[in-house]
file query-v7.tsv (TSV, C-alpha atoms)
chain	number	residue	atom	x	y	z
A	1	LYS	CA	-7.92	-8.40	-4.99
A	2	LEU	CA	-10.30	-10.35	-2.81
A	3	THR	CA	-7.81	-9.79	0.00
A	4	ASP	CA	-8.75	-6.09	-0.17
A	5	ILE	CA	-12.24	-7.00	1.02
A	6	VAL	CA	-10.81	-9.03	3.90
A	7	TYR	CA	-8.56	-6.18	5.04
A	8	SER	CA	-11.10	-3.38	4.65
A	9	LYS	CA	-14.34	-5.10	5.71
A	10	LEU	CA	-14.01	-8.56	7.26
A	11	ARG	CA	-10.92	-8.64	9.46
A	12	PRO	CA	-11.38	-8.00	13.19
A	13	GLU	CA	-10.22	-4.66	14.55
A	14	GLN	CA	-6.45	-4.67	15.09
A	15	PRO	CA	-4.79	-3.31	18.23
A	16	ILE	CA	-2.43	-0.33	18.13
A	17	ASP	CA	1.18	-1.34	17.50
A	18	THR	CA	3.11	0.25	20.36
A	19	ASN	CA	6.51	-0.83	18.99
A	20	ILE	CA	6.42	1.79	16.22
A	21	VAL	CA	6.40	5.57	16.61
A	22	LEU	CA	5.62	7.68	13.52
A	23	ILE	CA	6.99	11.22	13.39
A	24	ASN	CA	5.40	13.30	10.63
A	25	THR	CA	8.11	15.61	9.32
A	26	GLY	CA	5.48	17.72	7.52
A	27	GLU	CA	7.09	21.02	6.57
A	28	PHE	CA	10.00	20.68	9.01
A	29	PRO	CA	13.39	21.71	7.54
A	30	LYS	CA	16.21	19.19	7.53
A	31	LYS	CA	17.91	21.01	10.41
A	32	LYS	CA	14.86	20.41	12.60
A	33	ILE	CA	14.97	16.67	11.86
A	34	GLY	CA	18.60	16.63	13.00
A	35	GLU	CA	17.71	18.48	16.20
A	36	MET	CA	14.91	16.01	16.94
A	37	ILE	CA	17.24	13.04	16.48
A	38	LEU	CA	19.75	14.64	18.85
A	39	ALA	CA	16.96	15.09	21.39
A	40	ILE	CA	15.64	11.52	21.22
A	41	ALA	CA	18.93	9.61	20.86
A	42	PRO	CA	19.73	9.64	24.63
A	43	HIS	CA	16.36	8.01	25.32
A	44	GLY	CA	17.26	4.75	23.65
A	45	PRO	CA	15.06	4.17	20.60
A	46	LYS	CA	16.09	0.75	19.26
A	47	VAL	CA	16.29	2.01	15.67
A	48	ILE	CA	15.53	5.25	13.83
A	49	GLY	CA	14.35	5.20	10.21
A	50	ILE	CA	14.32	8.34	8.05
A	51	ASP	CA	12.22	8.15	4.90
A	52	HIS	CA	13.93	11.14	3.26
A	53	PHE	CA	16.92	11.65	1.03
A	54	LEU	CA	19.21	14.02	2.90
A	55	LEU	CA	20.71	16.49	0.40
A	56	LEU	CA	23.58	18.88	0.99
A	57	ASN	CA	22.72	22.57	1.23
A	58	SER	CA	25.62	24.82	0.26
A	59	GLN	CA	23.63	27.82	1.50
A	60	ASP	CA	23.24	26.35	4.98
A	61	PRO	CA	26.30	24.29	5.98
A	62	GLU	CA	25.32	24.57	9.66
A	63	SER	CA	22.18	22.53	8.91
A	64	ASP	CA	24.25	19.80	7.26
A	65	SER	CA	26.62	19.76	10.22
A	66	ILE	CA	23.77	19.34	12.73
A	67	VAL	CA	22.24	16.46	10.76
A	68	ALA	CA	25.61	14.68	10.36
A	69	LYS	CA	26.27	15.07	14.09
A	70	ALA	CA	22.81	13.69	14.89
A	71	LEU	CA	23.30	10.61	12.71
A	72	ALA	CA	26.74	9.93	14.20
A	73	THR	CA	25.44	10.43	17.75
A	74	ALA	CA	22.44	8.15	17.34
A	75	GLY	CA	24.43	5.40	15.61
A	76	ASN	CA	21.30	3.36	14.83
A	77	VAL	CA	19.78	5.21	11.87
A	78	THR	CA	18.55	3.73	8.60
A	79	LEU	CA	18.24	6.00	5.56
A	80	VAL	CA	16.49	5.28	2.28
A	81	SER	CA	18.29	4.40	-0.93
A	82	LYS	CA	16.88	4.36	-4.46
A	83	LEU	CA	17.16	1.59	-7.06
A	84	THR	CA	17.75	2.91	-10.59
A	85	GLY	CA	18.03	1.46	-14.09
A	86	TRP	CA	15.99	-1.75	-14.15
A	87	ASN	CA	17.63	-4.24	-16.54
A	88	GLU	CA	14.91	-6.59	-17.78
A	89	ASP	CA	17.32	-9.02	-19.44
A	90	ALA	CA	19.57	-9.35	-16.39
A	91	GLY	CA	16.68	-9.24	-13.94
A	92	ARG	CA	18.46	-6.72	-11.76
A	93	TRP	CA	18.93	-2.99	-11.18
A	94	ASP	CA	21.96	-1.17	-12.54
A	95	SER	CA	22.77	1.08	-9.59
A	96	LEU	CA	21.80	2.49	-6.23
A	97	ILE	CA	21.50	6.11	-5.10
A	98	HIS	CA	22.29	7.10	-1.50
A	99	SER	CA	22.28	10.32	0.45
A	100	PRO	CA	25.72	12.04	0.34
A	101	GLN	CA	28.50	10.30	2.24
A	102	VAL	CA	28.63	13.04	4.88
A	103	PHE	CA	25.30	11.57	6.04
A	104	SER	CA	25.32	7.97	4.81
A	105	GLN	CA	28.66	7.07	6.43
A	106	TYR	CA	26.91	6.92	9.80
A	107	THR	CA	23.86	4.92	8.70
A	108	GLN	CA	22.46	1.73	7.21
A	109	SER	CA	20.33	1.86	4.07
A	110	GLY	CA	17.35	0.17	2.47
A	111	PHE	CA	15.65	0.89	-0.85
A	112	ALA	CA	12.47	2.94	-0.78
A	113	ASN	CA	11.22	2.09	-4.27
A	114	VAL	CA	7.57	1.08	-4.17
A	115	ILE	CA	7.18	-1.92	-6.47
A	116	THR	CA	3.50	-2.56	-7.10
A	117	GLN	CA	1.42	-5.07	-9.07
A	118	ASP	CA	-1.33	-2.52	-9.59
A	119	PHE	CA	-1.30	1.20	-10.27
A	120	ARG	CA	-0.70	3.05	-6.96
A	121	THR	CA	-2.10	0.20	-4.86
A	122	VAL	CA	0.53	-1.44	-2.66
A	123	ARG	CA	-0.17	-5.02	-1.63
A	124	ILE	CA	3.33	-6.52	-1.66
A	125	VAL	CA	6.88	-5.72	-0.69
A	126	THR	CA	10.00	-7.16	-2.29
A	127	PRO	CA	12.39	-7.77	0.62
A	128	VAL	CA	15.59	-7.89	-1.47
A	129	GLU	CA	16.56	-6.58	-4.89
A	130	SER	CA	19.66	-7.38	-6.97
A	131	VAL	CA	21.75	-4.30	-7.80
A	132	GLY	CA	24.77	-4.72	-10.06
A	133	SER	CA	26.87	-7.44	-8.44
A	134	THR	CA	25.33	-7.07	-4.99
A	135	HIS	CA	21.95	-6.88	-3.21
A	136	GLU	CA	20.01	-4.28	-1.25
A	137	VAL	CA	17.23	-4.99	1.24
A	138	SER	CA	14.13	-2.81	1.43
A	139	PHE	CA	13.89	0.09	3.86
A	140	PRO	CA	11.35	-1.66	6.14
A	141	VAL	CA	13.47	-4.83	6.22
A	142	GLN	CA	16.61	-2.85	7.14
A	143	VAL	CA	14.72	-0.99	9.87
A	144	THR	CA	13.37	-4.28	11.23
A	145	ARG	CA	16.88	-5.74	11.18
A	146	GLY	CA	17.92	-3.00	13.60
A	147	PHE	CA	14.96	-3.85	15.85
A	148	ASP	CA	15.13	-7.67	15.81
A	149	SER	CA	17.96	-9.12	13.76
A	150	ALA	CA	17.05	-12.76	14.45
A	151	ALA	CA	13.43	-12.36	13.30
A	152	THR	CA	14.60	-10.47	10.21
A	153	GLN	CA	17.08	-13.22	9.36
A	154	ASN	CA	14.34	-15.84	9.64
A	155	PHE	CA	12.13	-13.71	7.40
A	156	LEU	CA	14.84	-13.40	4.74
A	157	LYS	CA	15.55	-17.15	4.88
A	158	ARG	CA	12.10	-17.70	3.36
A	159	ASN	CA	13.76	-16.39	0.19
A	160	ASN	CA	10.47	-15.18	-1.28
A	161	LYS	CA	10.73	-12.75	-4.17
A	162	SER	CA	7.77	-10.85	-2.77
A	163	GLU	CA	5.73	-10.89	0.44
A	164	ILE	CA	2.11	-9.86	0.96
A	165	ILE	CA	1.95	-6.97	3.44
A	166	ASN	CA	-0.06	-7.79	6.54
A	167	TYR	CA	-1.53	-4.33	7.09
A	168	ARG	CA	-2.59	-3.24	10.57
A	169	GLY	CA	-4.24	0.09	9.77
A	170	ASN	CA	-3.71	3.76	9.05
A	171	TRP	CA	-1.32	6.07	10.95
A	172	ASN	CA	-3.69	6.09	13.93
A	173	TYR	CA	-2.92	2.40	14.56
A	174	PHE	CA	0.56	3.42	15.69
A	175	LEU	CA	1.99	5.90	18.15
A	176	ALA	CA	2.23	9.07	16.08
A	177	ALA	CA	3.08	12.77	16.37
A	178	ASP	CA	3.42	15.72	14.02
A	179	THR	CA	4.83	18.19	16.52
A	180	ASP	CA	8.46	19.05	17.24
A	181	ILE	CA	9.22	15.99	19.34
A	182	GLY	CA	12.53	17.59	20.28
A	183	SER	CA	10.59	20.04	22.43
A	184	TYR	CA	9.27	17.24	24.67
A	185	SER	CA	10.66	16.97	28.19
A	186	PRO	CA	13.14	14.18	28.98
A	187	GLU	CA	10.43	12.40	30.96
A	188	GLU	CA	8.04	12.54	28.00
A	189	LEU	CA	10.69	11.17	25.63
A	190	GLU	CA	11.22	8.03	27.71
A	191	PHE	CA	8.33	6.34	25.89
A	192	LEU	CA	10.68	6.03	22.88
A	193	ARG	CA	12.99	3.59	24.67
A	194	GLY	CA	13.27	0.34	22.73
A	195	LYS	CA	10.94	1.57	19.95
A	196	ILE	CA	11.18	1.85	16.19
A	197	VAL	CA	11.02	5.59	15.42
A	198	LEU	CA	10.14	6.45	11.82
A	199	PHE	CA	10.53	9.97	10.41
A	200	GLY	CA	8.64	10.62	7.18
A	201	TYR	CA	6.24	12.88	5.34
A	202	LEU	CA	2.62	12.01	6.21
A	203	GLY	CA	1.10	15.24	4.90
A	204	ARG	CA	1.00	18.80	6.18
A	205	TYR	CA	-0.49	17.32	9.34
A	206	LEU	CA	-1.62	13.87	10.51
A	207	GLY	CA	-4.84	12.99	8.73
A	208	ASP	CA	-4.19	15.34	5.79
A	209	THR	CA	-6.13	13.78	2.86
A	210	LEU	CA	-5.41	16.53	0.33
A	211	SER	CA	-1.66	16.10	-0.01
A	212	LEU	CA	-0.91	13.17	-2.36
A	213	GLU	CA	2.87	13.44	-2.25
A	214	ASP	CA	4.45	10.01	-1.92
A	215	LYS	CA	1.12	8.40	-1.03
A	216	PHE	CA	-0.34	5.15	-2.34
A	217	PHE	CA	-3.56	3.22	-1.90
A	218	THR	CA	-3.62	0.09	0.27
A	219	PRO	CA	-6.11	-2.75	0.88
A	220	MET	CA	-7.11	-0.90	4.08
A	221	ASN	CA	-9.05	1.63	2.00
A	222	PRO	CA	-12.73	1.45	3.08
A	223	GLN	CA	-13.94	1.76	-0.52
A	224	TYR	CA	-12.22	-1.32	-1.90
A	225	ALA	CA	-13.96	-1.37	-5.32
A	226	GLY	CA	-13.05	2.23	-6.18
A	227	HIS	CA	-10.37	3.81	-4.03
A	228	THR	CA	-10.79	7.19	-2.39
A	229	ASP	CA	-8.23	9.50	-0.80
A	230	ARG	CA	-9.60	8.62	2.67

call {"tool": "encode", "arguments": {"input": "query-v7.tsv", "output": "structure tokens"}}
result
Amino acid sequence: KLTDIVYSKLRPEQPIDTNIVLINTGEFPKKKIGEMILAIAPHGPKVIGIDHFLLLNSQDPESDSIVAKALATAGNVTLVSKLTGWNEDAGRWDSLIHSPQVFSQYTQSGFANVITQDFRTVRIVTPVESVGSTHEVSFPVQVTRGFDSAATQNFLKRNNKSEIINYRGNWNYFLAADTDIGSYSPEELEFLRGKIVLFGYLGRYLGDTLSLEDKFFTPMNPQYAGHTDR
């Protein structure tokens, strides 16, 4: 845990990573996410990652149709999967859950399970997990593969069971938005060209410290000896 002190107190200030664009989905409905993907796809993001399970809605088939069309149109989307049924004796997971095929058929996948060494504090990532008779890479590794396949292959060749995460900073160390990015003009959307675009829930708004849904502590927390929600 001494690394927590290095990250939170001793390391020099890190520059903003301009390769990654965070889109806070907040309270947006699934249909809106599909519309945003349709809007940004023509502007050439290198890869789009969606940190949501996309579920079918029998009450709103139009929404499902828009999302499926968006995923097919973009052609470079990674969705999350979920590892289930850890088998201690075999040292592997029993199965994998994906979004329904109407969505997943157009996408790649990577597991979103957060595997920690400490309660709610994330310091490591496991790049690959064994599932049944096959393997699944993590969501961030699959997204990175779409951005730079050669670098990702070199990373996986290290064959480490786990890797320490080299944190840069909070959401404000990346390009980020929590507005309807689909409403931007074509000229404004050009900044997405060649970028990693990540859709995910970051709270009701960027900087929301009250919502704890799907949030974990990291070594970047300024109070390293007793974590706070800020």

call {"tool": "residues_near_point", "arguments": {"input": "query-v7.tsv", "point": "(10.1, 9.4, 28.9)", "cutoff": "12 Å", "atoms": "only C-alpha atoms", "output": "list in words"}}
result
Ala39, Ile40, Ala41, Pro42, His43, Gly44, Pro45, Ile181, Tyr184, Ser185, Pro186, Glu187, Glu188, Leu189, Glu190, Phe191, Leu192, Arg193, Gly194 and Lys195 of chain A

call {"tool": "atom_distance", "arguments": {"input": "query-v7.tsv", "atom1": "CA of Tyr173 (chain A)", "atom2": "CA of Thr18 (chain A)"}}
result
8.6 Å

call {"tool": "closest_residue", "arguments": {"input": "query-v7.tsv", "among": "A:Ser95, A:Gln101, A:Thr134, A:Asn166", "to": "Leu55 (chain A)", "atoms": "only C-alpha atoms"}}
result
A:Gln101

call {"tool": "closest_residue", "arguments": {"input": "query-v7.tsv", "among": "A:Lys32, A:Lys46, A:Lys161, A:His135", "to": "Asn19 (chain A)", "atoms": "all atoms listed in the file"}}
result
A:Lys46

call {"tool": "closest_residue", "arguments": {"input": "query-v7.tsv", "among": "A:Ile50, A:Ile37, A:Val114, A:Leu22", "to": "Thr78 (chain A)", "atoms": "only C-alpha atoms"}}
result
A:Ile50

call {"tool": "residues_around", "arguments": {"input": "query-v7.tsv", "residues": "Lys69 (chain A)", "least_positions_apart": "4", "cutoff": "9 Å", "atoms": "only C-alpha atoms", "output": "PyMOL selection string"}}
result
chain A and resi 34+38+64-65+73-74+103

call {"tool": "residues_around", "arguments": {"input": "query-v7.tsv", "residues": "Pro100 (chain A)", "least_positions_apart": "2", "cutoff": "8 Å", "atoms": "only C-alpha atoms", "output": "PyMOL selection string"}}
result
chain A and resi 54-56+98+102-104

call {"tool": "write_last_selection", "arguments": {"input": "query-v7.tsv", "atoms": "C-alpha atoms", "output": "PDB file, in the frame of the given file"}}
result
ATOM      1  CA  LEU A  54      19.210  14.020   2.900  1.00  0.00           C
ATOM      2  CA  LEU A  55      20.710  16.490   0.400  1.00  0.00           C
ATOM      3  CA  LEU A  56      23.580  18.880   0.990  1.00  0.00           C
ATOM      4  CA  HIS A  98      22.290   7.100  -1.500  1.00  0.00           C
ATOM      5  CA  VAL A 102      28.630  13.040   4.880  1.00  0.00           C
ATOM      6  CA  PHE A 103      25.300  11.570   6.040  1.00  0.00           C
ATOM      7  CA  SER A 104      25.320   7.970   4.810  1.00  0.00           C
TER       8      SER A 104
END

call {"tool": "atom_distance", "arguments": {"input": "query-v7.tsv", "atom1": "CA of Leu71 (chain A)", "atom2": "CA of Ala112 (chain A)"}}
result
18.9 Å

call {"tool": "atom_distance", "arguments": {"input": "query-v7.tsv", "atom1": "CA of Ile164 (chain A)", "atom2": "CA of Arg123 (chain A)"}}
result
5.9 Å

call {"tool": "closest_residue", "arguments": {"input": "query-v7.tsv", "among": "A:Asp51, A:Glu163, A:Asp94, A:Asp180", "to": "Leu79 (chain A)", "atoms": "only C-alpha atoms"}}
result
A:Asp51

call {"tool": "closest_residue", "arguments": {"input": "query-v7.tsv", "among": "A:Ser130, A:Gln142, A:Ser81, A:Thr107", "to": "Phe53 (chain A)", "atoms": "all atoms listed in the file"}}
result
A:Ser81

call {"tool": "closest_residue", "arguments": {"input": "query-v7.tsv", "among": "A:Glu35, A:Asp178, A:Asp208, A:Glu129", "to": "Trp86 (chain A)", "atoms": "all atoms listed in the file"}}
result
A:Glu129

call {"tool": "residues_around", "arguments": {"input": "query-v7.tsv", "residues": "Thr152 (chain A)", "least_positions_apart": "5", "cutoff": "8 Å", "atoms": "only C-alpha atoms", "output": "PyMOL selection string"}}
result
chain A and resi 141+144-145

call {"tool": "decode", "arguments": {"input": "query-v7.tsv", "residues": "region 53-143 of chain A", "atoms": "C-alpha atoms", "output": "short mmCIF file (atom, residue, chain, number, x, y, z; two decimals), in the first residue's frame"}}
result
data_model
loop_
_atom_site.label_atom_id
_atom_site.label_comp_id
_atom_site.auth_asym_id
_atom_site.auth_seq_id
_atom_site.Cartn_x
_atom_site.Cartn_y
_atom_site.Cartn_z
CA PHE A 53 -24.91 -4.31 -20.39
CA LEU A 54 -27.41 -3.62 -23.15
CA LEU A 55 -30.70 -5.35 -22.29
CA LEU A 56 -33.67 -5.89 -24.56
CA ASN A 57 -36.78 -3.82 -23.86
CA SER A 58 -39.96 -5.48 -25.07
CA GLN A 59 -41.85 -2.27 -24.32
CA ASP A 60 -39.62 -0.20 -26.61
CA PRO A 61 -38.43 -2.24 -29.62
CA GLU A 62 -37.59 0.98 -31.50
CA SER A 63 -34.90 1.71 -28.89
CA ASP A 64 -33.36 -1.74 -29.38
CA SER A 65 -33.41 -1.26 -33.15
CA ILE A 66 -31.60 2.09 -32.93
CA VAL A 67 -28.90 0.67 -30.66
CA ALA A 68 -28.37 -2.41 -32.89
CA LYS A 69 -28.12 -0.16 -35.95
CA ALA A 70 -25.60 2.07 -34.17
CA LEU A 71 -23.38 -0.86 -33.19
CA ALA A 72 -23.48 -2.29 -36.72
CA THR A 73 -22.77 1.12 -38.26
CA ALA A 74 -19.82 1.91 -36.01
CA GLY A 75 -18.27 -1.54 -36.40
CA ASN A 76 -15.59 -0.84 -33.78
CA VAL A 77 -17.47 -1.19 -30.49
CA THR A 78 -16.43 -3.16 -27.42
CA LEU A 79 -19.10 -4.18 -24.90
CA VAL A 80 -18.61 -5.55 -21.41
CA SER A 81 -19.05 -9.19 -20.48
CA LYS A 82 -19.34 -10.70 -17.00
CA LEU A 83 -17.43 -13.66 -15.56
CA THR A 84 -19.60 -15.93 -13.40
CA GLY A 85 -19.11 -19.01 -11.24
CA TRP A 86 -15.52 -18.95 -9.98
CA ASN A 87 -14.24 -22.53 -9.63
CA GLU A 88 -11.50 -22.51 -7.01
CA ASP A 89 -10.35 -26.07 -7.70
CA ALA A 90 -10.07 -25.56 -11.46
CA GLY A 91 -8.75 -22.02 -11.15
CA ARG A 92 -11.16 -20.75 -13.76
CA TRP A 93 -14.63 -19.27 -14.24
CA ASP A 94 -17.55 -21.45 -15.30
CA SER A 95 -19.24 -19.14 -17.78
CA LEU A 96 -19.51 -15.72 -19.37
CA ILE A 97 -22.54 -13.42 -19.70
CA HIS A 98 -22.91 -11.12 -22.72
CA SER A 99 -25.47 -8.60 -23.86
CA PRO A 100 -28.14 -10.23 -26.09
CA GLN A 101 -26.97 -11.36 -29.52
CA VAL A 102 -28.98 -8.65 -31.27
CA PHE A 103 -26.34 -6.28 -29.84
CA SER A 104 -23.27 -8.46 -29.24
CA GLN A 105 -23.12 -9.83 -32.80
CA TYR A 106 -21.70 -6.49 -33.95
CA THR A 107 -19.16 -6.04 -31.16
CA GLN A 108 -16.10 -7.34 -29.35
CA SER A 109 -16.24 -8.05 -25.62
CA GLY A 110 -14.10 -7.86 -22.50
CA PHE A 111 -14.96 -8.76 -18.92
CA ALA A 112 -15.87 -5.93 -16.58
CA ASN A 113 -15.46 -7.81 -13.30
CA VAL A 114 -13.37 -5.79 -10.86
CA ILE A 115 -10.97 -8.21 -9.17
CA THR A 116 -9.38 -6.53 -6.17
CA GLN A 117 -6.85 -7.47 -3.49
CA ASP A 118 -8.47 -5.12 -1.00
CA PHE A 119 -12.08 -4.22 -0.29
CA ARG A 120 -13.26 -1.68 -2.91
CA THR A 121 -9.72 -0.43 -3.60
CA VAL A 122 -8.54 -1.22 -7.12
CA ARG A 123 -4.78 -1.41 -7.60
CA ILE A 124 -4.48 -4.21 -10.16
CA VAL A 125 -6.10 -5.52 -13.30
CA THR A 126 -6.08 -9.12 -14.48
CA PRO A 127 -5.63 -8.90 -18.26
CA VAL A 128 -6.95 -12.39 -19.05
CA GLU A 129 -9.21 -14.84 -17.24
CA SER A 130 -9.88 -18.51 -18.03
CA VAL A 131 -13.55 -19.27 -18.71
CA GLY A 132 -14.59 -22.87 -19.28
CA SER A 133 -12.37 -24.13 -22.09
CA THR A 134 -11.49 -20.67 -23.40
CA HIS A 135 -10.22 -17.25 -22.25
CA GLU A 136 -11.61 -13.72 -22.08
CA VAL A 137 -9.56 -10.54 -21.92
CA SER A 138 -10.58 -7.63 -19.71
CA PHE A 139 -12.66 -4.75 -21.05
CA PRO A 140 -9.76 -2.24 -20.98
CA VAL A 141 -7.46 -4.71 -22.76
CA GLN A 142 -10.06 -5.35 -25.48
CA VAL A 143 -10.61 -1.61 -25.94
#
